[in-house]
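Q: For reference, the file entry.tsv (TSV, C-alpha atoms) is included below:
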chain	number	residue	atom	x	y	z
A	1	MET	CA	-44.78	4.63	26.17
A	2	ALA	CA	-41.37	4.01	24.61
A	3	SER	CA	-38.45	5.78	26.22
A	4	ALA	CA	-36.19	8.07	24.21
A	5	PRO	CA	-32.97	6.55	22.88
A	6	ALA	CA	-29.96	6.85	25.16
A	7	GLU	CA	-28.18	10.13	24.48
A	8	VAL	CA	-24.57	9.72	23.46
A	9	PRO	CA	-22.15	12.01	25.37
A	10	SER	CA	-20.98	14.75	23.01
A	11	HIS	CA	-17.30	13.97	23.54
A	12	PHE	CA	-17.91	10.44	22.21
A	13	LEU	CA	-19.10	11.82	18.86
A	14	CYS	CA	-16.76	12.33	15.91
A	15	PRO	CA	-16.59	16.06	15.04
A	16	ILE	CA	-16.84	15.18	11.34
A	17	SER	CA	-19.53	12.48	11.14
A	18	LEU	CA	-21.30	13.40	14.41
A	19	GLN	CA	-21.62	9.65	15.02
A	20	LEU	CA	-20.33	7.58	17.92
A	21	MET	CA	-16.62	6.94	17.35
A	22	ARG	CA	-15.75	3.31	16.67
A	23	ASP	CA	-11.98	3.72	16.37
A	24	PRO	CA	-11.00	7.10	17.88
A	25	VAL	CA	-7.63	8.49	16.79
A	26	THR	CA	-5.94	11.78	17.67
A	27	LEU	CA	-4.29	14.25	15.30
A	28	PRO	CA	-1.13	16.15	16.27
A	29	THR	CA	-3.46	19.07	17.11
A	30	GLY	CA	-4.89	17.06	20.02
A	31	ILE	CA	-8.39	16.64	18.52
A	32	SER	CA	-9.81	13.10	18.30
A	33	TYR	CA	-11.85	11.80	15.37
A	34	ASP	CA	-13.18	8.47	14.18
A	35	ARG	CA	-10.45	6.91	12.06
A	36	ALA	CA	-12.65	6.33	9.00
A	37	ALA	CA	-13.94	9.91	8.97
A	38	ILE	CA	-10.58	11.64	9.42
A	39	SER	CA	-8.95	9.33	6.87
A	40	ARG	CA	-11.50	10.43	4.28
A	41	TRP	CA	-10.89	14.07	5.23
A	42	LEU	CA	-7.13	13.73	4.84
A	43	ALA	CA	-7.52	11.98	1.48
A	44	ALA	CA	-9.66	14.78	0.06
A	45	PRO	CA	-7.90	17.32	-2.20
A	46	ALA	CA	-7.04	20.75	-0.85
A	47	PRO	CA	-8.59	23.16	-0.04
A	48	ALA	CA	-11.68	21.09	0.84
A	49	GLY	CA	-9.62	19.08	3.29
A	50	GLY	CA	-6.60	16.94	3.74
A	51	ARG	CA	-4.12	19.55	4.95
A	52	THR	CA	-5.75	21.13	8.00
A	53	CYS	CA	-7.35	19.93	11.21
A	54	PRO	CA	-11.13	20.08	10.64
A	55	VAL	CA	-11.78	21.64	14.06
A	56	THR	CA	-8.81	23.90	14.73
A	57	ARG	CA	-7.95	24.59	11.04
A	58	VAL	CA	-4.30	24.27	12.04
A	59	PRO	CA	-2.13	23.16	9.06
A	60	LEU	CA	-1.08	19.51	9.17
A	61	PRO	CA	2.06	17.78	7.81
A	62	PRO	CA	1.66	15.86	4.51
A	63	GLN	CA	1.13	12.53	6.32
A	64	PRO	CA	0.02	13.35	9.88
A	65	GLN	CA	0.26	10.60	12.45
A	66	LEU	CA	-3.06	9.20	13.65
A	67	THR	CA	-2.51	8.11	17.25
A	68	PRO	CA	-5.05	5.60	18.63
A	69	ASN	CA	-6.90	7.14	21.58
A	70	HIS	CA	-7.15	4.08	23.81
A	71	THR	CA	-8.43	6.06	26.79
A	72	LEU	CA	-11.36	7.46	24.84
A	73	ARG	CA	-12.10	4.03	23.37
A	74	ARG	CA	-12.21	2.48	26.83
A	75	LEU	CA	-14.53	5.25	28.06
A	76	ILE	CA	-16.87	4.64	25.14
A	77	HIS	CA	-16.95	0.92	25.82
A	78	ALA	CA	-17.49	1.53	29.54
A	79	TRP	CA	-20.44	3.78	28.72
A	80	LEU	CA	-21.89	1.16	26.40
A	81	ALA	CA	-21.52	-1.51	29.08
A	82	SER	CA	-23.32	0.74	31.57
A	83	LEU	CA	-26.47	0.86	29.46
A	84	SER	CA	-29.22	-1.41	30.73
A	85	PRO	CA	-29.94	-4.41	28.47
A	86	GLY	CA	-33.37	-3.07	27.54
A	87	ALA	CA	-32.27	0.49	26.89
A	88	GLU	CA	-33.21	1.85	23.49
A	89	VAL	CA	-30.21	3.03	21.51
A	90	ASP	CA	-29.54	4.42	18.05
A	91	GLU	CA	-28.32	2.05	15.35
A	92	ASP	CA	-24.75	3.33	15.42
A	93	VAL	CA	-24.59	2.75	19.18
A	94	ALA	CA	-26.10	-0.72	18.94
A	95	ALA	CA	-23.58	-1.68	16.26
A	96	LEU	CA	-20.63	-0.93	18.53
A	97	ARG	CA	-19.83	-3.83	20.84
A	98	ALA	CA	-17.75	-3.93	23.97
A	99	PRO	CA	-14.37	-5.66	23.53
A	100	ALA	CA	-14.60	-9.43	23.36
A	101	SER	CA	-13.41	-11.39	26.37
A	102	GLY	CA	-10.29	-13.50	26.19
A	103	ALA	CA	-12.40	-16.63	26.58
A	104	GLU	CA	-14.61	-15.65	23.64
A	105	VAL	CA	-11.60	-14.97	21.43
A	106	ALA	CA	-9.98	-18.28	22.43
A	107	ALA	CA	-13.18	-20.20	21.69
A	108	LEU	CA	-13.53	-18.57	18.29
A	109	LEU	CA	-9.89	-19.29	17.48
A	110	SER	CA	-10.45	-22.93	18.32
A	111	GLY	CA	-13.35	-23.04	15.86
A	112	ALA	CA	-11.34	-21.10	13.28
A	113	ALA	CA	-8.47	-23.58	13.56
A	114	ALA	CA	-10.96	-26.26	12.60
A	115	ALA	CA	-11.78	-24.23	9.46
A	116	ARG	CA	-15.31	-23.38	10.61
A	117	VAL	CA	-16.49	-20.56	8.40
A	118	GLU	CA	-18.76	-18.92	10.99
A	119	ALA	CA	-15.96	-18.79	13.58
A	120	LEU	CA	-13.57	-17.29	11.02
A	121	LYS	CA	-16.14	-14.69	9.98
A	122	ARG	CA	-16.81	-13.72	13.58
A	123	LEU	CA	-13.08	-13.40	14.26
A	124	ARG	CA	-12.71	-11.08	11.28
A	125	GLU	CA	-15.65	-8.98	12.49
A	126	LEU	CA	-14.24	-8.76	16.02
A	127	VAL	CA	-10.86	-7.59	14.77
A	128	ALA	CA	-12.54	-4.93	12.63
A	129	GLU	CA	-14.63	-3.65	15.55
A	130	CYS	CA	-11.84	-2.29	17.71
A	131	GLU	CA	-8.13	-2.30	18.48
A	132	ASP	CA	-8.64	-4.14	21.77
A	133	ASN	CA	-10.11	-7.14	19.96
A	134	ARG	CA	-7.22	-7.24	17.52
A	135	ALA	CA	-4.70	-7.13	20.37
A	136	ALA	CA	-6.59	-9.90	22.19
A	137	LEU	CA	-6.43	-12.17	19.14
A	138	GLU	CA	-2.77	-11.39	18.46
A	139	SER	CA	-1.92	-12.40	22.04
A	140	GLN	CA	-3.39	-15.90	21.64
A	141	ASP	CA	-0.78	-18.66	21.50
A	142	GLY	CA	-0.42	-20.19	18.05
A	143	VAL	CA	-2.87	-17.81	16.37
A	144	PHE	CA	-0.71	-17.15	13.30
A	145	ASP	CA	0.12	-20.82	12.84
A	146	ALA	CA	-3.51	-21.90	13.24
A	147	LEU	CA	-4.80	-19.44	10.65
A	148	SER	CA	-1.95	-20.18	8.23
A	149	ARG	CA	-2.78	-23.87	8.51
A	150	VAL	CA	-6.33	-23.13	7.38
A	151	VAL	CA	-5.09	-21.03	4.45
A	152	SER	CA	-2.77	-23.84	3.34
A	153	SER	CA	-5.22	-26.69	3.97
A	154	ARG	CA	-6.45	-28.59	0.95
A	155	ASP	CA	-9.36	-29.91	3.03
A	156	ALA	CA	-10.74	-26.49	3.99
A	157	CYS	CA	-13.34	-24.96	1.70
A	158	SER	CA	-12.46	-21.90	-0.36
A	159	THR	CA	-14.64	-19.65	1.83
A	160	ALA	CA	-12.80	-20.75	4.96
A	161	ARG	CA	-9.42	-20.11	3.33
A	162	GLU	CA	-10.52	-16.65	2.19
A	163	GLU	CA	-11.84	-15.78	5.65
A	164	ALA	CA	-8.58	-16.96	7.24
A	165	VAL	CA	-6.62	-14.77	4.84
A	166	GLY	CA	-8.85	-11.85	5.81
A	167	VAL	CA	-8.12	-12.34	9.51
A	168	LEU	CA	-4.36	-12.72	8.94
A	169	ALA	CA	-4.27	-9.62	6.74
A	170	SER	CA	-5.76	-7.55	9.57
A	171	LEU	CA	-3.24	-8.70	12.20
A	172	ARG	CA	0.22	-7.33	12.96
A	173	ILE	CA	2.32	-10.44	12.45
A	174	PRO	CA	5.86	-10.33	13.92
A	175	GLU	CA	8.60	-11.08	11.39
A	176	PRO	CA	9.76	-14.26	13.21
A	177	GLU	CA	6.20	-15.58	12.98
A	178	LEU	CA	6.04	-14.76	9.26
A	179	ALA	CA	9.32	-16.54	8.64
A	180	GLY	CA	8.08	-19.53	10.62
A	181	VAL	CA	4.83	-19.70	8.69
A	182	VAL	CA	6.72	-19.66	5.38
A	183	ALA	CA	9.06	-22.41	6.57
A	184	ARG	CA	6.25	-24.68	7.83
A	185	TYR	CA	3.76	-24.33	4.98
A	186	SER	CA	5.47	-24.92	1.66
A	187	ASN	CA	2.23	-24.59	-0.31
A	188	LEU	CA	1.33	-21.19	1.15
A	189	GLY	CA	2.18	-19.44	-2.13
A	190	GLU	CA	-0.08	-21.79	-4.06
A	191	ALA	CA	-2.90	-21.21	-1.55
A	192	LEU	CA	-2.56	-17.43	-1.81
A	193	THR	CA	-2.61	-17.68	-5.60
A	194	ALA	CA	-5.99	-19.40	-5.38
A	195	VAL	CA	-7.37	-16.63	-3.14
A	196	LEU	CA	-5.96	-13.95	-5.47
A	197	ARG	CA	-7.99	-15.58	-8.26
A	198	SER	CA	-11.20	-15.37	-6.25
A	199	PRO	CA	-14.11	-13.41	-7.76
A	200	ASN	CA	-14.43	-11.75	-4.34
A	201	LEU	CA	-12.55	-8.43	-4.61
A	202	LYS	CA	-12.24	-8.07	-0.83
A	203	SER	CA	-10.60	-11.50	-0.60
A	204	ARG	CA	-8.15	-10.55	-3.34
A	205	ALA	CA	-7.32	-7.33	-1.51
A	206	ASN	CA	-6.73	-9.22	1.74
A	207	ALA	CA	-4.54	-11.76	-0.03
A	208	VAL	CA	-2.28	-9.12	-1.55
A	209	LEU	CA	-1.94	-7.45	1.88
A	210	LEU	CA	-0.72	-10.77	3.25
A	211	VAL	CA	1.63	-11.25	0.29
A	212	ARG	CA	3.11	-7.84	1.07
A	213	SER	CA	3.79	-8.82	4.69
A	214	LEU	CA	5.36	-12.10	3.64
A	215	SER	CA	7.46	-10.53	0.89
A	216	GLU	CA	8.94	-7.97	3.27
A	217	ALA	CA	9.88	-10.51	5.94
A	218	ALA	CA	10.21	-13.93	4.35
A	219	TRP	CA	13.36	-15.92	3.73
A	220	PRO	CA	15.13	-15.34	0.40
A	221	ALA	CA	14.69	-19.03	-0.45
A	222	TRP	CA	10.90	-18.62	-0.27
A	223	VAL	CA	10.94	-15.47	-2.39
A	224	ILE	CA	13.17	-17.03	-5.03
A	225	GLY	CA	10.95	-20.12	-5.12
A	226	LEU	CA	7.73	-18.22	-5.75
A	227	ARG	CA	5.85	-19.41	-8.80
A	228	ALA	CA	5.13	-17.14	-11.73
A	229	GLU	CA	1.38	-17.69	-11.18
A	230	LEU	CA	1.44	-15.88	-7.82
A	231	LEU	CA	3.48	-13.00	-9.22
A	232	ALA	CA	1.09	-12.69	-12.15
A	233	GLU	CA	-1.86	-12.40	-9.75
A	234	VAL	CA	-0.13	-9.67	-7.76
A	235	VAL	CA	0.45	-7.78	-11.01
A	236	ARG	CA	-3.22	-8.31	-11.90
A	237	VAL	CA	-4.21	-6.55	-8.67
A	238	VAL	CA	-2.28	-3.52	-9.92
A	239	ARG	CA	-3.99	-3.72	-13.31
A	240	ASP	CA	-7.50	-4.17	-11.90
A	241	GLY	CA	-7.31	-1.31	-9.40
A	242	ILE	CA	-9.36	-3.16	-6.76
A	243	SER	CA	-8.78	-0.41	-4.19
A	244	SER	CA	-6.13	2.15	-3.34
A	245	ARG	CA	-5.02	0.07	-0.37
A	246	ALA	CA	-4.75	-3.11	-2.43
A	247	THR	CA	-2.82	-1.32	-5.18
A	248	LYS	CA	-0.35	0.09	-2.66
A	249	ALA	CA	0.09	-3.32	-1.03
A	250	ALA	CA	0.73	-4.93	-4.43
A	251	LEU	CA	3.30	-2.25	-5.30
A	252	HIS	CA	5.04	-2.70	-1.94
A	253	ALA	CA	5.14	-6.45	-2.54
A	254	LEU	CA	6.55	-6.11	-6.06
A	255	ALA	CA	9.25	-3.69	-4.87
A	256	ALA	CA	10.25	-6.01	-2.02
A	257	LEU	CA	10.29	-9.12	-4.22
A	258	CYS	CA	12.41	-7.32	-6.84
A	259	SER	CA	15.41	-7.41	-4.52
A	260	HIS	CA	16.06	-10.98	-5.64
A	261	GLY	CA	17.42	-11.30	-9.19
A	262	ARG	CA	15.62	-14.46	-10.27
A	263	THR	CA	12.32	-13.24	-8.92
A	264	ARG	CA	12.85	-9.88	-10.63
A	265	VAL	CA	12.98	-11.56	-14.03
A	266	LYS	CA	9.83	-13.56	-13.19
A	267	ILE	CA	8.02	-10.36	-12.23
A	268	VAL	CA	8.98	-8.77	-15.54
A	269	GLY	CA	7.72	-11.89	-17.29
A	270	ALA	CA	4.41	-11.52	-15.44
A	271	GLY	CA	3.87	-8.18	-17.20
A	272	ALA	CA	4.73	-5.90	-14.28
A	273	VAL	CA	6.58	-3.25	-16.32
A	274	GLN	CA	3.68	-2.85	-18.72
A	275	ALA	CA	1.21	-2.69	-15.82
A	276	LEU	CA	3.26	-0.08	-13.97
A	277	ALA	CA	3.64	2.11	-17.04
A	278	ASP	CA	-0.12	1.89	-17.66
A	279	LEU	CA	-0.75	2.79	-14.02
A	280	LEU	CA	1.40	5.92	-14.34
A	281	LEU	CA	-0.52	6.92	-17.46
A	282	ASP	CA	-3.67	7.11	-15.31
A	283	ASP	CA	-2.12	9.89	-13.15
A	284	PRO	CA	-2.45	8.06	-9.81
A	285	GLU	CA	-2.23	9.72	-6.41
A	286	ARG	CA	1.19	10.78	-5.15
A	287	ARG	CA	1.98	7.73	-2.99
A	288	VAL	CA	0.89	5.25	-5.67
A	289	CYS	CA	3.07	7.08	-8.20
A	290	GLU	CA	6.09	6.94	-5.89
A	291	LEU	CA	5.60	3.22	-5.21
A	292	ALA	CA	5.13	2.42	-8.91
A	293	LEU	CA	8.37	4.23	-9.73
A	294	ALA	CA	10.19	2.42	-6.92
A	295	ALA	CA	9.14	-0.92	-8.40
A	296	LEU	CA	10.05	0.23	-11.92
A	297	ASP	CA	13.45	1.38	-10.67
A	298	ARG	CA	14.23	-2.09	-9.35
A	299	LEU	CA	12.82	-3.89	-12.37
A	300	CYS	CA	14.93	-1.76	-14.72
A	301	THR	CA	18.12	-2.97	-13.07
A	302	CYS	CA	17.76	-6.07	-15.24
A	303	ALA	CA	17.94	-6.16	-19.04
A	304	GLU	CA	14.49	-7.73	-19.32
A	305	GLY	CA	12.89	-4.90	-17.37
A	306	ARG	CA	14.58	-2.20	-19.44
A	307	ALA	CA	13.56	-3.92	-22.65
A	308	GLU	CA	9.92	-4.02	-21.53
A	309	LEU	CA	9.92	-0.33	-20.61
A	310	VAL	CA	11.47	0.69	-23.93
A	311	ALA	CA	8.99	-1.53	-25.77
A	312	HIS	CA	6.00	0.18	-24.12
A	313	ALA	CA	4.61	2.81	-26.48
A	314	ALA	CA	4.60	5.47	-23.76
A	315	GLY	CA	7.02	3.95	-21.25
A	316	LEU	CA	9.86	6.45	-21.41
A	317	ALA	CA	7.53	9.42	-21.87
A	318	VAL	CA	5.37	8.60	-18.85
A	319	VAL	CA	8.40	8.07	-16.62
A	320	GLY	CA	9.91	11.36	-17.78
A	321	LYS	CA	6.57	13.06	-17.12
A	322	GLN	CA	6.89	12.32	-13.39
A	323	VAL	CA	10.03	14.46	-13.05
A	324	LEU	CA	9.20	17.81	-11.37
A	325	ARG	CA	5.52	16.87	-11.31
A	326	VAL	CA	4.67	14.75	-8.27
A	327	SER	CA	7.28	15.02	-5.53
A	328	ASP	CA	11.03	15.03	-5.04
A	329	VAL	CA	10.85	11.31	-4.21
A	330	ALA	CA	9.04	10.59	-7.47
A	331	SER	CA	11.47	12.79	-9.43
A	332	GLU	CA	14.49	10.96	-8.06
A	333	ARG	CA	13.02	7.54	-8.77
A	334	ALA	CA	12.00	8.55	-12.29
A	335	VAL	CA	15.51	9.86	-13.00
A	336	ARG	CA	16.96	6.59	-11.66
A	337	VAL	CA	14.82	4.64	-14.12
A	338	LEU	CA	15.90	6.90	-16.99
A	339	ARG	CA	19.52	6.55	-15.94
A	340	SER	CA	19.28	2.74	-16.11
A	341	VAL	CA	17.93	3.00	-19.66
A	342	ALA	CA	20.52	5.62	-20.70
A	343	ARG	CA	23.36	3.49	-19.34
A	344	HIS	CA	22.40	0.07	-20.60
A	345	ALA	CA	19.75	0.34	-23.32
A	346	ALA	CA	20.69	3.51	-25.19
A	347	THR	CA	20.20	2.55	-28.82
A	348	PRO	CA	19.95	5.40	-31.36
A	349	ALA	CA	16.19	4.86	-31.49
A	350	VAL	CA	15.89	5.07	-27.69
A	351	LEU	CA	17.96	8.25	-27.52
A	352	GLN	CA	15.83	9.82	-30.24
A	353	GLU	CA	12.64	8.86	-28.40
A	354	MET	CA	13.95	10.39	-25.16
A	355	ALA	CA	14.58	13.65	-27.01
A	356	GLN	CA	11.29	13.63	-28.92
A	357	SER	CA	9.13	12.73	-25.89
A	358	GLY	CA	10.49	15.56	-23.77
A	359	VAL	CA	12.54	13.37	-21.42
A	360	VAL	CA	15.78	15.25	-22.17
A	361	ALA	CA	14.06	18.60	-21.66
A	362	LYS	CA	12.74	17.39	-18.28
A	363	LEU	CA	16.25	16.33	-17.24
A	364	CYS	CA	17.61	19.75	-18.19
A	365	ALA	CA	14.85	21.46	-16.20
A	366	ALA	CA	15.49	19.21	-13.19
A	367	LEU	CA	19.14	20.19	-13.25
A	368	ARG	CA	18.26	23.83	-12.64
A	369	SER	CA	15.16	23.41	-10.52
A	370	GLU	CA	15.02	24.21	-6.81
A	371	GLN	CA	12.35	21.51	-6.46
A	372	CYS	CA	14.87	18.71	-7.00
A	373	GLY	CA	17.28	17.48	-4.38
A	374	LEU	CA	21.03	17.14	-4.88
A	375	ARG	CA	20.91	13.40	-5.59
A	376	THR	CA	18.29	13.87	-8.30
A	377	LYS	CA	20.34	16.62	-9.93
A	378	GLU	CA	23.51	14.50	-9.85
A	379	LYS	CA	21.75	11.63	-11.61
A	380	ALA	CA	20.17	13.95	-14.18
A	381	HIS	CA	23.57	15.51	-14.86
A	382	GLU	CA	25.09	12.07	-15.35
A	383	VAL	CA	22.46	11.06	-17.91
A	384	LEU	CA	22.76	14.32	-19.85
A	385	LYS	CA	26.56	14.15	-19.97
A	386	LEU	CA	26.46	10.53	-21.04
A	387	HIS	CA	24.74	11.34	-24.37
A	388	SER	CA	25.48	15.05	-24.73
A	389	ARG	CA	26.88	14.69	-28.25
A	390	THR	CA	23.65	13.12	-29.53
A	391	TRP	CA	21.17	15.27	-27.64
A	392	ARG	CA	22.91	18.63	-28.15
A	393	ALA	CA	22.64	18.09	-31.89
A	394	SER	CA	18.99	17.00	-31.74
A	395	PRO	CA	16.47	19.32	-33.44
A	396	CYS	CA	13.94	18.15	-30.79
A	397	LEU	CA	15.69	20.13	-28.06
A	398	SER	CA	14.62	23.78	-28.08
A	399	PRO	CA	17.15	26.62	-27.56
A	400	LYS	CA	15.52	27.19	-24.16
A	401	PHE	CA	16.63	23.78	-22.92
A	402	LEU	CA	19.93	23.86	-24.79
A	403	GLY	CA	20.77	26.81	-22.57
A	404	LEU	CA	20.14	24.60	-19.52
A	405	TYR	CA	22.28	21.75	-20.83
A	406	PRO	CA	25.33	21.06	-18.62
A	407	ALA	CA	28.66	22.16	-20.01
Would you give me this structure, written as structure tokens?
A:
Amino acid sequence: MASAPAEVPSHFLCPISLQLMRDPVTLPTGISYDRAAISRWLAAPAPAGGRTCPVTRVPLPPQPQLTPNHTLRRLIHAWLASLSPGAEVDEDVAALRAPASGAEVAALLSGAAAARVEALKRLRELVAECEDNRAALESQDGVFDALSRVVSSRDACSTAREEAVGVLASLRIPEPELAGVVARYSNLGEALTAVLRSPNLKSRANAVLLVRSLSEAAWPAWVIGLRAELLAEVVRVVRDGISSRATKAALHALAALCSHGRTRVKIVGAGAVQALADLLLDDPERRVCELALAALDRLCTCAEGRAELVAHAAGLAVVGKQVLRVSDVASERAVRVLRSVARHAATPAVLQEMAQSGVVAKLCAALRSEQCGLRTKEKAHEVLKLHSRTWRASPCLSPKFLGLYPA
């Protein structure tokens, strides 16, 4: 007669999913949840979730810290290890493995360095299973160099390169290691471009995560030398909306790469301004909106970027729409973009469009709103004063907003 499945201790179960926790994390309230379950809860719109602790119902900050519960994870793994080999367990328990040994990780890394697809796949799975496995792989000597060599290798198959990118994207790579990788592998950008063109959406998402890490830590010479093809693929990730995480990574990368003038012009040439304006038209979530405006702000510091925004049929209108609508951060960044246009691209047609599309009215409202910070108000005041003669006389500005216009 078959024995009943091993009963999972109640404190090992996620309060949301009621399944064995794979990656337990703790909220500021002290309650632990499985990371995937609580992340979904926090992402849900209020009042269904996202702003309170599911158990205690205590209000949470906008972006609560999820602290890994290493003690609970070790207890779960110890319990799993205590089960006899023949013990019957539920599927969710069987799927959770004890942390890999250092010898196992080292052996897999050796196979991965030789571009063996199965070894690379197993490494990626191990890292995804638990934090301990990721830390064990990160501690291996030469791990970042070995995986980067596979990504850059012209002899490795495309599957091996994509798997290596997936492993690298899941690791916390120290900045000195990132700089070293960039210095040693001159064709890394070309290799990442090939992965970004893959039909596999997950591979593309992993590649853009790695591009983000490199863009935020790499040498200026590498950033300036990036080819337009790579930048175009990063922009395409924004356009295609592969996933929220991939979109955010692409936006982070674009904003970081924009700090270099030559690269900024290349990014504009890759269609980034048009893609960002289109993204804003889709009313994205708050963080995506803020990141898109940050990238637009930097791109509009060059004439090419401003010209592209003005040329977009709804460019100025959609940027103005973000003022007083999303967050103070978004309002400030939107006003910064509008200020760049008002300072350096203010043709009569542009000024008329800003009045007709409601941009001027939004700036007037921001000036008097308690929702805007001092810096946002100062920038809005500057823009309004700059073209007060034109806009005060515009029939598009209602008496209501004329009364808000700065003296």
Q: Have a look at CA of Ala275 in chain A and CA of Val288 in chain A and let me know their distance in Å, one decimal.
A: 12.9 Å
Q: What's the separation between CA of Val25 in chain A and CA of Val8 in chain A, in Å to one decimal place?
A: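 Going from CA of Val25 in chain A over to CA of Val8 in chain A, I get 18.2 Å.
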Q: Which range 231-342 of chain A residues have any atom within 6 Å of an atom of range 195-212 of chain A, and for each, what is the nearest pair of atoms with distance in Å to one decimal, counting all atoms listed in the file, rows sorted by chain and number, as CSV?
A:
residue,atom,partner,partner_atom,distance
A:Ala246,CA,A:Ala205,CA,5.0
A:Ala249,CA,A:Leu209,CA,5.4
A:Ala250,CA,A:Val208,CA,5.9
A:Ala253,CA,A:Arg212,CA,4.4
Q: One number please: CA of Gly225 in chain A to CA of Leu280 in chain A, in Å, one decimal.
A: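 It comes out at 29.2 Å.
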Q: Considering all atoms listed in the file, tabulate each residue of range 54-139 of chain A that lies at most 10 Å from range 26-46 of chain A along with its nearest interatomic pair and the corresponding distance in Å to one decimal; arrange the rows by chain and ascending residue number and present them as a Markdown table.
A:
| residue | atom | partner | partner_atom | distance |
| --- | --- | --- | --- | --- |
| A:Pro54 | CA | A:Trp41 | CA | 8.1 |
| A:Val55 | CA | A:Ile31 | CA | 7.5 |
| A:Thr56 | CA | A:Thr29 | CA | 7.6 |
| A:Arg57 | CA | A:Thr29 | CA | 9.4 |
| A:Val58 | CA | A:Thr29 | CA | 7.3 |
| A:Pro59 | CA | A:Thr29 | CA | 9.1 |
| A:Leu60 | CA | A:Pro28 | CA | 7.9 |
| A:Pro61 | CA | A:Pro28 | CA | 9.2 |
| A:Pro62 | CA | A:Leu42 | CA | 9.1 |
| A:Gln63 | CA | A:Leu42 | CA | 8.5 |
| A:Pro64 | CA | A:Leu27 | CA | 7.0 |
| A:Gln65 | CA | A:Leu27 | CA | 6.5 |
| A:Leu66 | CA | A:Leu27 | CA | 5.5 |
| A:Thr67 | CA | A:Thr26 | CA | 5.0 |
| A:Pro68 | CA | A:Thr26 | CA | 6.3 |
| A:Asn69 | CA | A:Thr26 | CA | 6.1 |
| A:His70 | CA | A:Thr26 | CA | 9.9 |
| A:Leu72 | CA | A:Ser32 | CA | 8.8 |
Q: Counting only C-alpha atoms, figure out which residue out of A:Glu125, A:Asp282, A:Glu304, A:Asp155 gets nearest to Ser170 in chain A.
A: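 Among A:Glu125, A:Asp282, A:Glu304, A:Asp155, it is A:Glu125 that comes nearest to Ser170 in chain A.
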Q: Quick one: of A:Glu216, A:Ala307, A:Gln322, A:Leu188, who's nearest to Val359 in chain A, counting all atoms listed in the file?
A: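 Of A:Glu216, A:Ala307, A:Gln322, A:Leu188, the one nearest Val359 in chain A is A:Gln322, counting all atoms listed in the file.
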Q: I'd like to know which of A:Arg287, A:Asn187, A:Leu279, A:Val223 is closest to Ala256 in chain A, using all atoms listed in the file.
A: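 Comparing A:Arg287, A:Asn187, A:Leu279, A:Val223 against Ala256 in chain A, the winner is A:Val223.
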Q: Ile224 in chain A: which residues within 8 Å, counting all atoms listed in the file, same-chain residues fewer than 3 positions away excluded, as an MDAnalysis selection string?
A: chainID A and resid 220:221 260 262:263
Q: Using only C-alpha atoms, which of the listed residues (A:Lys321, A:Arg264, A:Arg73, A:Arg306) sits closest to Val337 in chain A?
A: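 Using only C-alpha atoms, Val337 in chain A sits closest to A:Arg306.
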Q: Counting only C-alpha atoms, which residues come within 9 Å of (-6.3, -20.8, 10.2), with the point read in the file's coordinates, and could you list them as a list in words?
A: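 Result, sorted by chain then residue number: Leu109, Ala112, Ala113, Ala114, Ala115, Leu120, Val143, Phe144, Asp145, Ala146, Leu147, Ser148, Arg149, Val150, Val151, Ser152, Ser153, Ala160, Arg161, Glu163, Ala164, Val165, Val167 and Leu168 of chain A.
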Q: I need the residue nearest Ala156 in chain A from this list: A:Glu129, A:Ala191, A:Ala334, A:Lys248. Use only C-alpha atoms for the distance.
A: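 Among the listed residues, A:Ala191 lies closest to Ala156 in chain A.
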Q: Could you give me, as number ranges by chain, the residues that sit within 12 Å of (-6.1, -7.0, 16.3) in the file's coordinates, counting only C-alpha atoms?
A: A: 99-100, 105, 123-140, 143-144, 166-173
Q: Looking at A:Ser110, A:Thr71, A:Ser331, A:Gln371, which one is nearest to Pro24 in chain A, with distances taken over only C-alpha atoms?
A: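 Answer, going by the shortest atom-to-atom distance: A:Thr71.
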